[in-house]
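What follows is the content of upload_16.cif, which has mmCIF, C-alpha atoms and all ligand atoms:
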```cif
data_structure
loop_
_atom_site.label_atom_id
_atom_site.label_comp_id
_atom_site.auth_asym_id
_atom_site.auth_seq_id
_atom_site.Cartn_x
_atom_site.Cartn_y
_atom_site.Cartn_z
CA MET A 13 -0.04 58.70 -85.06
CA SER A 14 0.98 55.04 -84.86
CA GLU A 15 3.46 55.90 -82.09
CA GLN A 16 0.52 56.34 -79.70
CA ASN A 17 0.31 52.63 -79.12
CA THR A 18 4.00 51.87 -78.81
CA SER A 19 5.81 51.75 -75.52
CA GLU A 20 8.30 54.33 -76.90
CA SER A 21 5.72 57.14 -77.07
CA ILE A 22 5.24 59.10 -73.88
CA PHE A 23 1.57 58.19 -73.57
CA GLY A 24 2.46 54.58 -74.44
CA GLN A 25 4.92 54.53 -71.54
CA MET A 26 2.39 56.17 -69.23
CA ASN A 27 -0.12 53.49 -70.11
CA ALA A 28 2.43 50.71 -69.67
CA TYR A 29 3.32 51.89 -66.14
CA GLY A 30 -0.20 53.11 -65.30
CA HIS A 31 0.67 56.79 -64.78
CA GLN A 32 -1.86 59.57 -64.23
CA LYS A 33 0.21 62.64 -64.94
CA ILE A 34 3.65 63.85 -65.98
CA VAL A 35 4.77 67.44 -65.56
CA PHE A 36 7.75 68.69 -67.57
CA CYS A 37 9.32 71.69 -65.82
CA ASN A 38 11.44 74.00 -67.98
CA ASP A 39 13.07 77.25 -66.89
CA PRO A 40 15.97 78.52 -69.05
CA ASP A 41 16.75 81.34 -66.60
CA SER A 42 17.74 79.01 -63.77
CA GLY A 43 18.63 76.07 -66.04
CA LEU A 44 15.90 73.93 -64.49
CA LYS A 45 14.88 70.87 -66.48
CA ALA A 46 12.84 68.52 -64.37
CA ILE A 47 10.16 65.87 -64.72
CA ILE A 48 7.55 65.20 -62.05
CA ALA A 49 5.75 61.88 -62.46
CA ILE A 50 2.51 61.27 -60.59
CA HIS A 51 1.78 57.58 -60.80
CA ASP A 52 -1.36 56.97 -58.76
CA THR A 53 -3.22 59.09 -56.22
CA THR A 54 -5.96 56.65 -55.25
CA LEU A 55 -4.71 56.37 -51.68
CA GLY A 56 -3.59 59.96 -51.24
CA PRO A 57 -1.22 62.63 -52.56
CA ALA A 58 1.72 61.31 -54.57
CA LEU A 59 4.82 61.41 -52.38
CA GLY A 60 8.31 60.77 -53.65
CA GLY A 61 11.83 62.13 -53.53
CA THR A 62 13.49 64.47 -55.99
CA ARG A 63 16.56 62.94 -57.60
CA MET A 64 19.17 65.14 -59.29
CA TRP A 65 21.27 63.22 -61.79
CA ALA A 66 23.25 63.96 -64.95
CA TYR A 67 21.19 61.65 -67.16
CA LYS A 68 22.77 60.87 -70.51
CA THR A 69 19.48 61.41 -72.34
CA GLU A 70 16.07 62.87 -71.61
CA ALA A 71 14.63 59.43 -72.36
CA ASP A 72 16.76 57.96 -69.55
CA ALA A 73 15.44 60.61 -67.16
CA LEU A 74 11.86 59.90 -68.16
CA ASN A 75 12.34 56.17 -67.83
CA ASP A 76 13.86 56.55 -64.35
CA VAL A 77 11.12 58.82 -63.05
CA LEU A 78 8.36 56.56 -64.39
CA ARG A 79 9.91 53.45 -62.83
CA LEU A 80 10.67 55.10 -59.48
CA SER A 81 7.28 56.78 -59.10
CA LYS A 82 5.44 53.51 -59.71
CA SER A 83 7.46 51.79 -57.00
CA MET A 84 6.51 54.60 -54.58
CA THR A 85 2.82 53.78 -55.14
CA TYR A 86 3.46 50.16 -54.21
CA LYS A 87 5.65 51.03 -51.22
CA ALA A 88 3.04 53.33 -49.67
CA ALA A 89 0.22 50.87 -50.40
CA VAL A 90 1.88 47.90 -48.66
CA ALA A 91 2.94 50.09 -45.72
CA GLY A 92 -0.75 50.94 -45.21
CA LEU A 93 -0.19 54.69 -45.71
CA ASN A 94 -2.72 57.03 -47.27
CA LEU A 95 -0.28 58.15 -49.91
CA GLY A 96 0.03 57.71 -53.63
CA GLY A 97 3.25 57.36 -55.58
CA GLY A 98 5.27 60.02 -57.33
CA LYS A 99 8.84 61.00 -58.01
CA ALA A 100 10.74 63.87 -59.59
CA VAL A 101 14.02 64.03 -61.42
CA ILE A 102 16.06 67.14 -62.06
CA ILE A 103 18.39 66.72 -65.03
CA GLY A 104 21.85 68.01 -64.11
CA ASP A 105 25.00 67.49 -62.11
CA ALA A 106 24.15 68.02 -58.43
CA ARG A 107 27.71 69.21 -57.69
CA LYS A 108 27.78 71.86 -60.42
CA ASP A 109 24.29 72.78 -61.55
CA LYS A 110 22.35 73.04 -58.29
CA THR A 111 21.52 76.61 -57.26
CA GLU A 112 19.04 78.30 -54.96
CA ALA A 113 17.22 79.76 -57.98
CA LEU A 114 16.90 76.37 -59.67
CA LEU A 115 15.55 74.71 -56.53
CA ARG A 116 13.13 77.54 -55.77
CA LYS A 117 11.83 77.52 -59.34
CA PHE A 118 11.33 73.78 -58.98
CA GLY A 119 9.48 74.51 -55.72
CA ARG A 120 7.08 76.77 -57.64
CA PHE A 121 6.24 73.98 -60.08
CA ILE A 122 5.41 71.78 -57.07
CA LYS A 123 3.35 74.59 -55.52
CA ASN A 124 1.26 74.80 -58.70
CA LEU A 125 0.27 71.17 -58.28
CA ASN A 126 -1.65 72.21 -55.14
CA GLY A 127 -0.63 69.22 -53.02
CA GLU A 128 -1.08 66.52 -55.66
CA PHE A 129 2.68 65.90 -55.39
CA ILE A 130 4.81 66.11 -52.25
CA THR A 131 8.55 65.74 -52.43
CA ALA A 132 11.51 64.88 -50.19
CA GLU A 133 15.24 64.33 -50.60
CA ASP A 134 16.75 61.58 -52.74
CA VAL A 135 20.03 60.87 -54.54
CA GLY A 136 21.67 64.22 -55.39
CA THR A 137 19.50 66.31 -53.05
CA ASN A 138 19.77 66.96 -49.31
CA PRO A 139 17.83 68.57 -46.42
CA ARG A 140 19.31 72.01 -47.24
CA ASP A 141 17.87 71.73 -50.79
CA MET A 142 14.50 70.86 -49.27
CA GLU A 143 14.70 74.12 -47.30
CA PHE A 144 15.00 76.07 -50.59
CA ILE A 145 12.02 74.22 -52.03
CA ARG A 146 10.13 74.91 -48.78
CA MET A 147 10.64 78.66 -49.38
CA GLU A 148 8.23 78.32 -52.32
CA THR A 149 5.88 75.52 -51.27
CA GLN A 150 4.71 73.68 -48.18
CA TYR A 151 4.58 70.42 -50.14
CA VAL A 152 8.04 69.20 -49.21
CA MET A 153 8.99 66.81 -46.40
CA GLY A 154 12.30 65.75 -44.88
CA VAL A 155 13.32 69.28 -43.96
CA PRO A 156 15.68 69.55 -40.95
CA GLU A 157 14.28 69.07 -37.45
CA THR A 158 15.51 72.55 -36.55
CA ILE A 159 12.84 74.06 -38.81
CA GLY A 160 10.08 71.68 -37.81
CA GLY A 161 10.75 68.76 -40.13
CA SER A 162 11.39 65.07 -39.44
CA GLY A 163 15.11 65.20 -40.23
CA ASP A 164 17.26 62.23 -41.17
CA PRO A 165 15.00 59.24 -41.99
CA SER A 166 17.82 56.65 -41.78
CA PRO A 167 17.32 55.51 -38.16
CA ILE A 168 13.62 54.89 -38.95
CA THR A 169 14.50 53.10 -42.18
CA ALA A 170 16.93 50.89 -40.26
CA GLN A 171 14.24 50.15 -37.67
CA GLY A 172 11.90 49.02 -40.46
CA VAL A 173 14.55 46.80 -42.04
CA PHE A 174 15.21 45.33 -38.61
CA MET A 175 11.49 44.48 -38.25
CA GLY A 176 11.55 42.94 -41.74
CA ILE A 177 14.54 40.78 -40.79
CA LYS A 178 12.74 39.61 -37.66
CA ALA A 179 9.61 38.75 -39.67
CA ALA A 180 11.66 36.68 -42.11
CA VAL A 181 13.47 34.91 -39.26
CA LYS A 182 10.10 34.12 -37.66
CA GLU A 183 8.82 32.66 -40.94
CA LEU A 184 11.84 30.42 -41.37
CA TYR A 185 12.78 29.40 -37.84
CA GLY A 186 9.48 29.69 -35.96
CA ASN A 187 10.63 32.45 -33.60
CA ASP A 188 12.08 35.88 -34.23
CA THR A 189 14.99 35.81 -31.81
CA LEU A 190 18.12 37.17 -33.40
CA ALA A 191 20.58 36.04 -30.73
CA GLY A 192 22.78 33.43 -32.35
CA ARG A 193 21.74 34.37 -35.91
CA SER A 194 24.40 35.73 -38.23
CA VAL A 195 23.90 38.69 -40.56
CA VAL A 196 26.08 40.21 -43.29
CA VAL A 197 25.40 43.95 -43.63
CA GLN A 198 26.72 45.24 -46.97
CA GLY A 199 27.07 49.04 -46.97
CA ILE A 200 27.70 50.71 -43.63
CA GLY A 201 26.23 54.11 -44.44
CA HIS A 202 23.38 55.91 -42.69
CA VAL A 203 21.07 52.90 -42.69
CA GLY A 204 23.72 50.16 -42.43
CA GLU A 205 25.29 51.57 -39.29
CA ASN A 206 21.93 52.02 -37.51
CA LEU A 207 20.95 48.48 -38.51
CA THR A 208 24.25 47.09 -37.19
CA ARG A 209 23.53 48.76 -33.84
CA LEU A 210 20.02 47.26 -33.64
CA LEU A 211 21.25 43.79 -34.59
CA ARG A 212 24.10 43.87 -32.08
CA ASP A 213 21.71 45.08 -29.36
CA GLU A 214 19.88 41.75 -29.87
CA ASN A 215 23.15 39.82 -29.84
CA ALA A 216 23.09 38.81 -33.49
CA MET A 217 26.51 38.04 -34.94
CA VAL A 218 27.15 40.77 -37.52
CA TYR A 219 29.62 40.94 -40.40
CA VAL A 220 30.03 44.44 -41.84
CA SER A 221 31.38 45.39 -45.24
CA ASP A 222 31.74 48.61 -47.24
CA ILE A 223 33.89 49.89 -50.08
CA ASN A 224 35.14 52.38 -47.49
CA GLU A 225 37.37 49.97 -45.57
CA GLU A 226 38.41 52.46 -42.91
CA ARG A 227 34.76 53.04 -42.01
CA THR A 228 34.09 49.30 -41.98
CA VAL A 229 36.82 48.79 -39.37
CA GLN A 230 35.58 51.73 -37.28
CA VAL A 231 31.96 50.55 -37.26
CA ALA A 232 32.99 46.96 -36.54
CA LYS A 233 34.97 48.13 -33.52
CA LYS A 234 32.20 50.42 -32.25
CA TYR A 235 29.50 47.71 -32.24
CA GLY A 236 31.48 44.51 -31.78
CA ALA A 237 30.90 43.33 -35.36
CA LYS A 238 33.37 41.61 -37.69
CA ALA A 239 34.78 43.59 -40.63
CA VAL A 240 34.92 41.65 -43.89
CA SER A 241 36.15 42.54 -47.35
CA ASN A 242 33.45 43.52 -49.83
CA ASN A 243 34.50 40.92 -52.41
CA THR A 244 34.25 37.97 -50.00
CA ILE A 245 30.65 38.59 -48.96
CA PHE A 246 29.21 35.68 -50.89
CA ASP A 247 31.72 33.26 -49.32
CA ILE A 248 30.50 33.99 -45.80
CA ASP A 249 28.47 31.31 -44.13
CA ALA A 250 25.73 33.44 -42.54
CA ASP A 251 21.96 33.16 -42.12
CA ILE A 252 21.03 36.59 -43.44
CA TYR A 253 22.36 38.88 -46.17
CA SER A 254 21.34 42.51 -45.75
CA PRO A 255 22.16 44.65 -48.81
CA CYS A 256 22.29 48.28 -47.62
CA ALA A 257 24.42 49.85 -50.36
CA LEU A 258 23.38 49.55 -53.98
CA GLY A 259 20.64 47.82 -55.94
CA ALA A 260 20.88 44.80 -58.29
CA THR A 261 23.28 42.80 -56.09
CA ILE A 262 21.10 39.75 -56.79
CA ASN A 263 21.82 39.08 -60.44
CA ASP A 264 22.82 36.29 -62.83
CA GLN A 265 26.40 36.40 -61.55
CA THR A 266 25.63 36.21 -57.81
CA ILE A 267 22.44 34.17 -57.56
CA ASN A 268 24.15 30.77 -57.83
CA LYS A 269 26.66 31.67 -55.13
CA LEU A 270 24.04 32.46 -52.50
CA LYS A 271 24.37 30.41 -49.33
CA PHE A 272 22.22 32.68 -47.18
CA ALA A 273 18.78 31.57 -46.01
CA ILE A 274 17.34 35.11 -45.96
CA ILE A 275 17.90 38.31 -47.93
CA ALA A 276 16.59 41.44 -46.21
CA GLY A 277 18.11 44.88 -46.56
CA SER A 278 17.43 48.54 -47.28
CA ALA A 279 18.82 48.97 -50.82
CA ASN A 280 16.20 49.70 -53.47
CA ASN A 281 15.71 47.23 -56.34
CA GLN A 282 17.97 44.48 -54.98
CA LEU A 283 16.87 42.04 -57.68
CA GLU A 284 18.32 42.93 -61.07
CA ASP A 285 15.22 41.43 -62.67
CA GLU A 286 12.28 41.45 -60.29
CA TYR A 287 10.43 38.61 -61.99
CA ILE A 288 13.28 36.28 -63.03
CA HIS A 289 15.42 36.61 -59.90
CA GLY A 290 12.37 36.64 -57.60
CA ARG A 291 11.31 33.28 -59.04
CA ARG A 292 14.87 31.90 -58.88
CA LEU A 293 15.11 32.75 -55.17
CA LEU A 294 11.79 30.99 -54.58
CA GLU A 295 13.07 27.87 -56.39
CA GLN A 296 16.35 27.97 -54.46
CA GLY A 297 14.50 28.25 -51.15
CA VAL A 298 16.03 31.63 -50.29
CA LEU A 299 13.59 33.83 -48.39
CA PHE A 300 13.62 37.33 -49.86
CA ALA A 301 11.97 40.05 -47.77
CA PRO A 302 11.01 42.48 -50.58
CA ASP A 303 13.10 45.65 -50.40
CA TYR A 304 10.26 48.08 -50.87
CA VAL A 305 8.24 46.46 -48.09
CA ILE A 306 10.95 46.57 -45.45
CA ASN A 307 12.66 49.86 -46.40
CA ALA A 308 9.43 51.88 -46.11
CA GLY A 309 10.68 53.65 -42.94
CA GLY A 310 11.82 56.66 -44.97
CA VAL A 311 8.41 57.21 -46.52
CA ILE A 312 6.73 56.54 -43.15
CA ASN A 313 8.91 59.30 -41.69
CA CYS A 314 7.73 61.73 -44.40
CA TYR A 315 4.12 60.66 -43.92
CA SER A 316 4.39 61.35 -40.19
CA GLU A 317 5.84 64.78 -40.91
CA LEU A 318 2.97 65.49 -43.29
CA MET A 319 0.36 64.34 -40.77
CA GLY A 320 2.03 66.00 -37.78
CA PHE A 321 2.46 62.66 -35.97
CA SER A 322 4.68 62.21 -32.94
CA LYS A 323 7.92 60.22 -33.00
CA LYS A 324 6.11 57.51 -31.02
CA ARG A 325 3.48 57.17 -33.77
CA THR A 326 6.21 57.09 -36.43
CA LEU A 327 7.84 54.22 -34.61
CA GLN A 328 4.51 52.36 -34.28
CA LEU A 329 3.89 52.68 -38.03
CA THR A 330 7.42 51.46 -38.70
CA GLU A 331 6.93 48.46 -36.42
CA ASN A 332 3.91 47.51 -38.57
CA ILE A 333 6.50 46.51 -41.20
CA TYR A 334 6.82 43.26 -39.21
CA GLU A 335 3.18 42.32 -39.91
CA ALA A 336 3.29 43.66 -43.48
CA THR A 337 6.31 41.42 -44.19
CA ARG A 338 4.66 38.42 -42.54
CA ASN A 339 1.58 38.91 -44.76
CA VAL A 340 3.74 39.02 -47.88
CA LEU A 341 5.66 35.87 -46.91
CA ARG A 342 2.44 34.02 -46.07
CA LEU A 343 0.87 34.89 -49.43
CA SER A 344 4.03 33.87 -51.28
CA LYS A 345 3.94 30.48 -49.54
CA ALA A 346 0.20 29.96 -49.99
CA GLU A 347 0.23 30.74 -53.71
CA SER A 348 3.77 29.55 -54.57
CA ILE A 349 4.64 32.93 -56.01
CA SER A 350 7.76 34.97 -55.41
CA THR A 351 7.70 37.32 -52.45
CA ILE A 352 7.91 40.33 -54.79
CA GLU A 353 4.87 39.06 -56.71
CA ALA A 354 3.06 38.59 -53.40
CA ALA A 355 3.91 42.14 -52.28
CA ASN A 356 2.75 43.56 -55.62
CA LYS A 357 -0.50 41.64 -55.32
CA ILE A 358 -1.17 43.02 -51.84
CA ALA A 359 -0.45 46.58 -53.03
CA GLU A 360 -2.68 46.26 -56.10
CA LYS A 361 -5.55 44.79 -54.06
CA ARG A 362 -5.44 47.63 -51.51
CA ILE A 363 -5.46 50.25 -54.27
CA SER A 364 -8.30 48.58 -56.16
CA ASP A 365 -10.39 48.15 -52.94
CA ILE A 366 -9.95 51.79 -51.97
CA LYS A 367 -10.70 52.93 -55.53
CA LYS A 368 -14.11 51.26 -55.16
CA VAL A 369 -14.66 52.91 -51.75
CA LYS A 370 -13.93 56.31 -53.24
CA SER A 371 -16.22 55.79 -56.20
CA THR A 372 -19.26 55.24 -53.96
CA TYR A 373 -21.03 57.32 -51.29
P1 LIG B 401 24.56 55.95 -47.68
O1 LIG B 401 25.05 56.60 -48.91
O2 LIG B 401 24.62 56.65 -46.38
O3 LIG B 401 25.34 54.56 -47.47
C1 LIG B 401 25.65 53.67 -48.50
C2 LIG B 401 26.95 52.97 -48.10
O4 LIG B 401 27.21 51.96 -49.06
C3 LIG B 401 28.15 53.92 -48.10
O5 LIG B 401 28.88 53.77 -46.89
C4 LIG B 401 28.99 53.44 -49.30
O6 LIG B 401 30.39 53.58 -49.11
C5 LIG B 401 28.59 51.98 -49.38
N1 LIG B 401 28.76 51.39 -50.70
C6 LIG B 401 28.58 51.96 -51.92
N2 LIG B 401 28.83 51.06 -52.88
C7 LIG B 401 29.15 49.91 -52.26
C8 LIG B 401 29.49 48.62 -52.72
N3 LIG B 401 29.55 48.33 -54.02
N4 LIG B 401 29.72 47.67 -51.80
C9 LIG B 401 29.68 47.93 -50.47
N5 LIG B 401 29.39 49.14 -49.98
C10 LIG B 401 29.11 50.10 -50.86
O7 LIG B 401 23.07 55.47 -48.01
P2 LIG B 401 21.93 55.09 -46.98
O8 LIG B 401 21.10 56.28 -46.71
O9 LIG B 401 22.51 54.33 -45.83
O10 LIG B 401 21.05 54.11 -47.88
C11 LIG B 401 21.48 52.80 -48.17
C12 LIG B 401 20.57 52.16 -49.20
O11 LIG B 401 19.23 52.11 -48.70
C13 LIG B 401 20.48 52.93 -50.52
O12 LIG B 401 20.34 52.01 -51.56
C14 LIG B 401 19.21 53.75 -50.37
O13 LIG B 401 18.62 54.04 -51.63
C15 LIG B 401 18.35 52.79 -49.58
N6 LIG B 401 17.32 53.48 -48.78
C16 LIG B 401 17.68 54.39 -47.85
C17 LIG B 401 16.71 55.03 -47.10
C18 LIG B 401 17.08 56.04 -46.04
O14 LIG B 401 16.22 56.41 -45.23
N7 LIG B 401 18.32 56.49 -45.97
C19 LIG B 401 15.34 54.73 -47.30
C20 LIG B 401 14.99 53.76 -48.26
C21 LIG B 401 16.00 53.15 -49.00
#
```
Would you mind writing the structure in this file as structure tokens?
Amino acid sequence: MSEQNTSESIFGQMNAYGHQKIVFCNDPDSGLKAIIAIHDTTLGPALGGTRMWAYKTEADALNDVLRLSKSMTYKAAVAGLNLGGGKAVIIGDARKDKTEALLRKFGRFIKNLNGEFITAEDVGTNPRDMEFIRMETQYVMGVPETIGGSGDPSPITAQGVFMGIKAAVKELYGNDTLAGRSVVVQGIGHVGENLTRLLRDENAMVYVSDINEERTVQVAKKYGAKAVSNNTIFDIDADIYSPCALGATINDQTINKLKFAIIAGSANNQLEDEYIHGRRLLEQGVLFAPDYVINAGGVINCYSELMGFSKKRTLQLTENIYEATRNVLRLSKAESISTIEAANKIAEKRISDIKKVKSTY
């Protein structure tokens, strides 16, 4: 059984990422093939979205769910929530393979975990799908407001990103006023549009860009922003770059072109290589507000739904992202480590401290 110690074996991968549990869900009747990964439940139940994607291989699906669930643990830990990290992937094409039966069967697998895993929407799933899962289990968040859920998390996510931008501006310029600062928002979707509104309300100068050019022009007009072409983003002379579309926009090709002083946006995994590009940004003097710290609004929204908190409390928890970001930036500066390394360190310390609390009377 030599494979037990290699990173290719399932237990080897679980050890490498630090996972507690993986559940493989198989139901030939509905066509359900899903993997639920529970990374760490020290702080609370593992919460994470369910992604439906036509993965090329089962190994790709496993790798994705392991990576994503670990990052949920870190996100919840830095946000100060009593939640652990988990994630689920359903293997299949969301446009063709998604049925009520498949989702309800998946809901029953979640039900059998008795609250150890709580899910929400993600890429390839939507609030309507969460309603089907809810028919089988209470352990699903992000259901529509009309049936008692917290609804669309994007305005809260945008609010958190906005607080993260302000914290980074404070660190660099000594005050967090955005009037007169310039921001490039890449991706004017649910989060990007809400962020543009918040930035314009504080009189920041905003450049907006999206592959959907018609939408870019519309949003620019609505909020008094400037529409720019997606392929000229790195030529713009602005203080802040806010990636709100896809991940990995900071990579070997783009990192040398960066003229921005701050990077702070909602997209997950903005650095193609967390370690290498995090260090490069530090060396280049570009302040990176770690994505998972400032885009925690979505998980905060789910947490509030779970706890039955009011909208006011949700907003308060989201505003704490300002202080959480400041703490990360301070630690990065004090220890000359990248901001991602600083965020990881803060998350790991909170988990290890609480583990000790829970192991004693
Ligand atoms: P969305 O799908 O509503 O918007 C994404 C926008 O990006 C779309 O308008 C799309 O046309 C545009 N886009 C896609 N590829 C692009 C490219 N190459 N260049 C420029 N624009 C491009 O998604 P969203 O809900 O606004 O989320 C935005 C990002 O934030 C995603 O990466 C998401 O994973 C992350 N995020 C979202 C939330 C949330 O609450 N919605 C929470 C945490 C993280």
Next item on the list: Name the residues, by chain letter and number, that sit within 7 Å of ligand LIG 401 (chain B) using all atoms listed in the file, and give them as a list of chain:residue names.
Entry: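 Listed by chain and ascending number, the contacts are A:Pro165, A:Ser166, A:Ile168, A:Thr169, A:Gln198, A:Gly199, A:Ile200, A:Gly201, A:His202, A:Val203, A:Gly204, A:Ser221, A:Asp222, A:Ile223, A:Asn224, A:Asn242, A:Cys256, A:Ala257, A:Leu258, A:Gly259, A:Ser278, A:Ala279, A:Asn280, A:Asn307, A:Ala308, A:Gly309, A:Gly310.
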Margin query: Between A:Arg362, A:Arg120, A:Arg212, A:Lys269, which residue has the minimum interatomic distance to Lys87 in chain A, considering only C-alpha atoms?
Written below: A:Arg362
Notebook entry, point to check: What does the distance from CA of Asn206 in chain A to CA of Thr351 in chain A come to in Å, to one decimal?
Noted result: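 A separation of 25.3 Å between them.
For the choices A:Met175, A:Leu78, A:Ile366, A:Leu294, the atom-to-atom distance to Ala354 in chain A is smallest for A:Leu294 when using all atoms listed in the file.
CA of Ile47 in chain A is positioned 25.7 Å from CA of Ala91 in chain A.
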Checklist line | Within 10 Å of Asn332 in chain A using only C-alpha atoms, minus same-chain residues under 6 positions, as number ranges by chain | finding: A: 91-92, 172, 175-176, 306, 338
Can you write out the residues you just picked, keeping C-alpha atoms, as a PDB file, in the frame of the given file?
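The new file again33.pdb reads:
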```pdb
ATOM      1  CA  ALA A  91       2.940  50.090 -45.720  1.00  0.00           C
ATOM      2  CA  GLY A  92      -0.750  50.940 -45.210  1.00  0.00           C
ATOM      3  CA  GLY A 172      11.900  49.020 -40.460  1.00  0.00           C
ATOM      4  CA  MET A 175      11.490  44.480 -38.250  1.00  0.00           C
ATOM      5  CA  GLY A 176      11.550  42.940 -41.740  1.00  0.00           C
ATOM      6  CA  ILE A 306      10.950  46.570 -45.450  1.00  0.00           C
ATOM      7  CA  ARG A 338       4.660  38.420 -42.540  1.00  0.00           C
TER       8      ARG A 338
END
```
Next item on the list: Please identify all polymer residues within 7 Å of Thr85 in chain A, counting all atoms listed in the file, omitting same-chain residues fewer than 4 positions from it, and present them as a list in words.
Entry: His51, Asp52, Ser81, Ala89, Gly96 and Gly97 of chain A
Write only N, CA, C and O atoms for range 220-235 of chain A from the block just shown, as a PDB file, in the first residue's frame.
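Output file part-v1.pdb is given in full below:
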```pdb
ATOM      1  N   VAL A 220     -14.774  51.336 -15.374  1.00  0.00           N
ATOM      2  CA  VAL A 220     -15.420  50.018 -15.379  1.00  0.00           C
ATOM      3  C   VAL A 220     -15.108  49.277 -16.675  1.00  0.00           C
ATOM      4  O   VAL A 220     -14.985  49.884 -17.742  1.00  0.00           O
ATOM      5  N   SER A 221     -14.998  47.943 -16.537  1.00  0.00           N
ATOM      6  CA  SER A 221     -14.651  47.135 -17.701  1.00  0.00           C
ATOM      7  C   SER A 221     -15.270  45.746 -17.572  1.00  0.00           C
ATOM      8  O   SER A 221     -15.341  45.191 -16.476  1.00  0.00           O
ATOM      9  N   ASP A 222     -15.749  45.216 -18.703  1.00  0.00           N
ATOM     10  CA  ASP A 222     -16.364  43.883 -18.687  1.00  0.00           C
ATOM     11  C   ASP A 222     -16.273  43.340 -20.115  1.00  0.00           C
ATOM     12  O   ASP A 222     -16.214  44.117 -21.073  1.00  0.00           O
ATOM     13  N   ILE A 223     -16.285  42.018 -20.244  1.00  0.00           N
ATOM     14  CA  ILE A 223     -16.297  41.477 -21.609  1.00  0.00           C
ATOM     15  C   ILE A 223     -17.633  41.804 -22.292  1.00  0.00           C
ATOM     16  O   ILE A 223     -17.709  41.823 -23.509  1.00  0.00           O
ATOM     17  N   ASN A 224     -18.639  42.065 -21.500  1.00  0.00           N
ATOM     18  CA  ASN A 224     -19.930  42.500 -22.033  1.00  0.00           C
ATOM     19  C   ASN A 224     -19.884  44.030 -22.166  1.00  0.00           C
ATOM     20  O   ASN A 224     -20.141  44.765 -21.220  1.00  0.00           O
ATOM     21  N   GLU A 225     -19.527  44.489 -23.376  1.00  0.00           N
ATOM     22  CA  GLU A 225     -19.269  45.925 -23.548  1.00  0.00           C
ATOM     23  C   GLU A 225     -20.525  46.779 -23.407  1.00  0.00           C
ATOM     24  O   GLU A 225     -20.472  47.895 -22.894  1.00  0.00           O
ATOM     25  N   GLU A 226     -21.655  46.211 -23.841  1.00  0.00           N
ATOM     26  CA  GLU A 226     -22.911  46.957 -23.751  1.00  0.00           C
ATOM     27  C   GLU A 226     -23.228  47.272 -22.274  1.00  0.00           C
ATOM     28  O   GLU A 226     -23.586  48.388 -21.931  1.00  0.00           O
ATOM     29  N   ARG A 227     -23.038  46.245 -21.457  1.00  0.00           N
ATOM     30  CA  ARG A 227     -23.291  46.404 -20.014  1.00  0.00           C
ATOM     31  C   ARG A 227     -22.318  47.420 -19.397  1.00  0.00           C
ATOM     32  O   ARG A 227     -22.694  48.213 -18.546  1.00  0.00           O
ATOM     33  N   THR A 228     -21.073  47.374 -19.846  1.00  0.00           N
ATOM     34  CA  THR A 228     -20.063  48.306 -19.325  1.00  0.00           C
ATOM     35  C   THR A 228     -20.522  49.741 -19.564  1.00  0.00           C
ATOM     36  O   THR A 228     -20.465  50.582 -18.659  1.00  0.00           O
ATOM     37  N   VAL A 229     -20.998  50.005 -20.782  1.00  0.00           N
ATOM     38  CA  VAL A 229     -21.430  51.365 -21.131  1.00  0.00           C
ATOM     39  C   VAL A 229     -22.640  51.777 -20.287  1.00  0.00           C
ATOM     40  O   VAL A 229     -22.693  52.877 -19.745  1.00  0.00           O
ATOM     41  N   GLN A 230     -23.574  50.815 -20.133  1.00  0.00           N
ATOM     42  CA  GLN A 230     -24.791  51.100 -19.342  1.00  0.00           C
ATOM     43  C   GLN A 230     -24.439  51.446 -17.891  1.00  0.00           C
ATOM     44  O   GLN A 230     -24.924  52.435 -17.342  1.00  0.00           O
ATOM     45  N   VAL A 231     -23.598  50.610 -17.290  1.00  0.00           N
ATOM     46  CA  VAL A 231     -23.237  50.821 -15.872  1.00  0.00           C
ATOM     47  C   VAL A 231     -22.446  52.121 -15.706  1.00  0.00           C
ATOM     48  O   VAL A 231     -22.669  52.885 -14.761  1.00  0.00           O
ATOM     49  N   ALA A 232     -21.558  52.386 -16.666  1.00  0.00           N
ATOM     50  CA  ALA A 232     -20.767  53.628 -16.605  1.00  0.00           C
ATOM     51  C   ALA A 232     -21.702  54.838 -16.606  1.00  0.00           C
ATOM     52  O   ALA A 232     -21.539  55.767 -15.804  1.00  0.00           O
ATOM     53  N   LYS A 233     -22.705  54.785 -17.463  1.00  0.00           N
ATOM     54  CA  LYS A 233     -23.646  55.908 -17.579  1.00  0.00           C
ATOM     55  C   LYS A 233     -24.464  56.065 -16.291  1.00  0.00           C
ATOM     56  O   LYS A 233     -24.635  57.150 -15.771  1.00  0.00           O
ATOM     57  N   LYS A 234     -24.916  54.923 -15.770  1.00  0.00           N
ATOM     58  CA  LYS A 234     -25.784  54.949 -14.576  1.00  0.00           C
ATOM     59  C   LYS A 234     -25.090  55.577 -13.360  1.00  0.00           C
ATOM     60  O   LYS A 234     -25.704  56.278 -12.575  1.00  0.00           O
ATOM     61  N   TYR A 235     -23.786  55.293 -13.197  1.00  0.00           N
ATOM     62  CA  TYR A 235     -23.096  55.736 -11.976  1.00  0.00           C
ATOM     63  C   TYR A 235     -22.065  56.852 -12.204  1.00  0.00           C
ATOM     64  O   TYR A 235     -21.360  57.237 -11.274  1.00  0.00           O
TER      65      TYR A 235
END
```
